[in-house]
Amino acid sequence: MSNFMQAAVLPEFGPATAFRIEKVAIPLPGAGEVLVKVKAIGLNPVDFKTRSGKGYASFQTLPAILGWDIAGEVVSVGEGVSKFITGDRIFGMSNFPNPGNAYAEYAVVQEDEFAIIPKDISFEVAAGTPLAGLTAWEALFDHAGITWGQRVLIQAAAGGVGHIAVQLAKWKHCFVAATASAANHPFLEQLGVDQLVDYKTQKFEEVLDGMDVIIDGMGGETALHSLDILNRGGILVSLPSMYKDDPAVIAKAKEKGVEVKWMSVRPSGERMEQLAALLSNNRLRVEIGQTFPLTDIVKAHQALENGHGRGKIVLTV
Ligand SMILES: NC(=O)c1ccc[n+]([C@@H]2O[C@H](COP(=O)([O-])OP(=O)(O)OC[C@H]3O[C@@H](n4cnc5c(N)ncnc54)[C@H](OP(=O)(O)O)[C@@H]3O)[C@@H](O)[C@H]2O)c1
């Protein structure tokens, strides 16, 4: 094996066209780390936000290798690694929000942030799962604490986090309402959504009411109007970090007697094992809307930034 690999390198924060495909040194795993031959990489909105100098840009060092969601094969293990051996197929969200160095042919990852990919699950599906899956899990179970039979609304339900959140809430026997454009309604019906709202032709706050929990992937006006349809004591979990601690939302939540929580997803190998179990017993389907080769990183980021994909966008290596 040569000591060099191809990577999509970001020399400066900027538009999608800022990426350069370059040869860089293959990293070496330290204690508790493994070297992964990357097979597929999941993209998330935080990737393009960071690329443009927002998101978690302050956590990166330029030139940077962006990306956090990795699926691949273990090629060597560092000192003290006991969870994985060479040849294992593994997936996880690497080192978030610090550099994940995912957009490359090889990446070093921490063993405690990764899990084994179930046998019948492809590298593409595995790469699409970590950040969105961990977010949906944390939002619904840790922050909102959903329970059997509650009424749950998922905003931006056709997206990466949304379509997984729909399935996790159905798994817990909740009534699930969802917002998406009409073209995505058949897809969301298949995932078990009970009530669909076309946000392009309907105002969700006029169609829905009596929600116990809302997971909001939009922020701003959507968050504000969401508060109108929450039951007293209900919980809104807000995802877009640019709207964190929005004073208008805080004031309105107080007035309505509801709770608003902002979150930042955390890596977890244990959670990845729980998501793996759901994937392997067909409780969770992760939709791959588009794939691009790593060398088409510019087109992939342009598609990501468009914000209307179904499920996940994945790079193949
Ligand atoms: N705080 C955290 O830890 C955390 C973690 C993950 C994600 N996030 C943030 O959460 C947001 C969602 O992430 P994601 O990965 O799910 O994004 P995504 O996959 O890019 O979401 C795209 C989806 O948004 C839908 N959409 C666009 N405008 C909409 C609207 N007005 N109403 C309803 N749906 C709309 C689109 O549906 P149509 O095609 O039908 O329009 C599309 O399917 C992003 O801002 C992301 O950065 C935060």
# chains A, B, ... in the order shown; residues from 1 in each chain; ligands from 1
call {"tool": "residues_near_ligand", "arguments": {"ligand": "ligand 1", "cutoff": "7 Å", "atoms": "only C-alpha atoms and all ligand atoms", "output": "ChimeraX atom specification"}}
result
/A:44-46,131-132,135,155-162,179-184,199,217-218,239-241,262-265,304,307-312
call {"tool": "write_last_selection", "arguments": {"atoms": "C-alpha atoms", "output": "PDB file, in the first residue's frame"}}
result
ATOM      1  CA  ASN A  44     -24.948  16.605   5.988  1.00  0.00           C
ATOM      2  CA  PRO A  45     -25.969  20.289   5.848  1.00  0.00           C
ATOM      3  CA  VAL A  46     -23.315  21.052   8.503  1.00  0.00           C
ATOM      4  CA  LEU A 131     -25.108  11.969  11.891  1.00  0.00           C
ATOM      5  CA  ALA A 132     -28.766  11.999  10.824  1.00  0.00           C
ATOM      6  CA  THR A 135     -29.578  13.336  15.716  1.00  0.00           C
ATOM      7  CA  GLN A 155     -40.684  19.293  10.181  1.00  0.00           C
ATOM      8  CA  ALA A 156     -38.609  18.730   6.991  1.00  0.00           C
ATOM      9  CA  ALA A 157     -39.528  15.061   7.214  1.00  0.00           C
ATOM     10  CA  ALA A 158     -38.204  14.012   3.785  1.00  0.00           C
ATOM     11  CA  GLY A 159     -34.637  15.065   4.633  1.00  0.00           C
ATOM     12  CA  GLY A 160     -31.808  13.133   6.237  1.00  0.00           C
ATOM     13  CA  VAL A 161     -32.809  13.603   9.885  1.00  0.00           C
ATOM     14  CA  GLY A 162     -36.540  13.855   9.175  1.00  0.00           C
ATOM     15  CA  THR A 179     -44.232  18.425   6.522  1.00  0.00           C
ATOM     16  CA  ALA A 180     -42.770  17.943   3.043  1.00  0.00           C
ATOM     17  CA  SER A 181     -43.471  18.974  -0.544  1.00  0.00           C
ATOM     18  CA  ALA A 182     -46.134  16.894  -2.328  1.00  0.00           C
ATOM     19  CA  ALA A 183     -43.557  14.969  -4.393  1.00  0.00           C
ATOM     20  CA  ASN A 184     -42.242  13.411  -1.166  1.00  0.00           C
ATOM     21  CA  TYR A 199     -45.739  23.081   3.201  1.00  0.00           C
ATOM     22  CA  GLY A 217     -35.325  20.889  11.042  1.00  0.00           C
ATOM     23  CA  MET A 218     -36.123  24.379   9.720  1.00  0.00           C
ATOM     24  CA  LEU A 239     -32.023  21.478  15.037  1.00  0.00           C
ATOM     25  CA  PRO A 240     -30.510  24.282  12.877  1.00  0.00           C
ATOM     26  CA  SER A 241     -27.728  25.784  15.003  1.00  0.00           C
ATOM     27  CA  TRP A 262     -31.565  23.171  21.118  1.00  0.00           C
ATOM     28  CA  MET A 263     -29.120  20.324  20.642  1.00  0.00           C
ATOM     29  CA  SER A 264     -25.776  19.469  19.090  1.00  0.00           C
ATOM     30  CA  VAL A 265     -25.414  15.829  18.094  1.00  0.00           C
ATOM     31  CA  LEU A 304     -26.534  19.275  -0.725  1.00  0.00           C
ATOM     32  CA  GLY A 307     -31.774  21.659   0.471  1.00  0.00           C
ATOM     33  CA  HIS A 308     -34.496  19.639  -1.263  1.00  0.00           C
ATOM     34  CA  GLY A 309     -32.990  16.171  -1.414  1.00  0.00           C
ATOM     35  CA  ARG A 310     -34.876  13.032  -0.387  1.00  0.00           C
ATOM     36  CA  GLY A 311     -33.062  11.171   2.389  1.00  0.00           C
ATOM     37  CA  LYS A 312     -29.285  11.331   2.150  1.00  0.00           C
TER      38      LYS A 312
END
call {"tool": "select_by_dssp", "arguments": {"residues": "region 95-296 of chain A", "states": "helix (DSSP H, G or I)", "output": "VMD selection string"}}
result
chain A and resid 111 to 113 123 to 128 130 to 143 160 to 171 182 to 190 204 to 207 221 to 229 241 to 243 247 to 256 269 to 280 294 to 296
call {"tool": "residues_around", "arguments": {"residues": "Leu275 (chain A)", "least_positions_apart": "3", "cutoff": "9 Å", "atoms": "only C-alpha atoms", "output": "VMD selection string"}}
result
chain A and resid 129 to 130 133 to 134 137 270 to 272 278 to 280 284
call {"tool": "closest_residue", "arguments": {"among": "A:Ala178, A:Ala7, A:Met242, A:Leu227", "to": "Gly257 (chain A)", "atoms": "only C-alpha atoms"}}
result
A:Leu227
call {"tool": "closest_residue", "arguments": {"among": "A:Leu62, A:Ile164, A:Ala102, A:Val75", "to": "Leu43 (chain A)", "atoms": "only C-alpha atoms"}}
result
A:Ala102
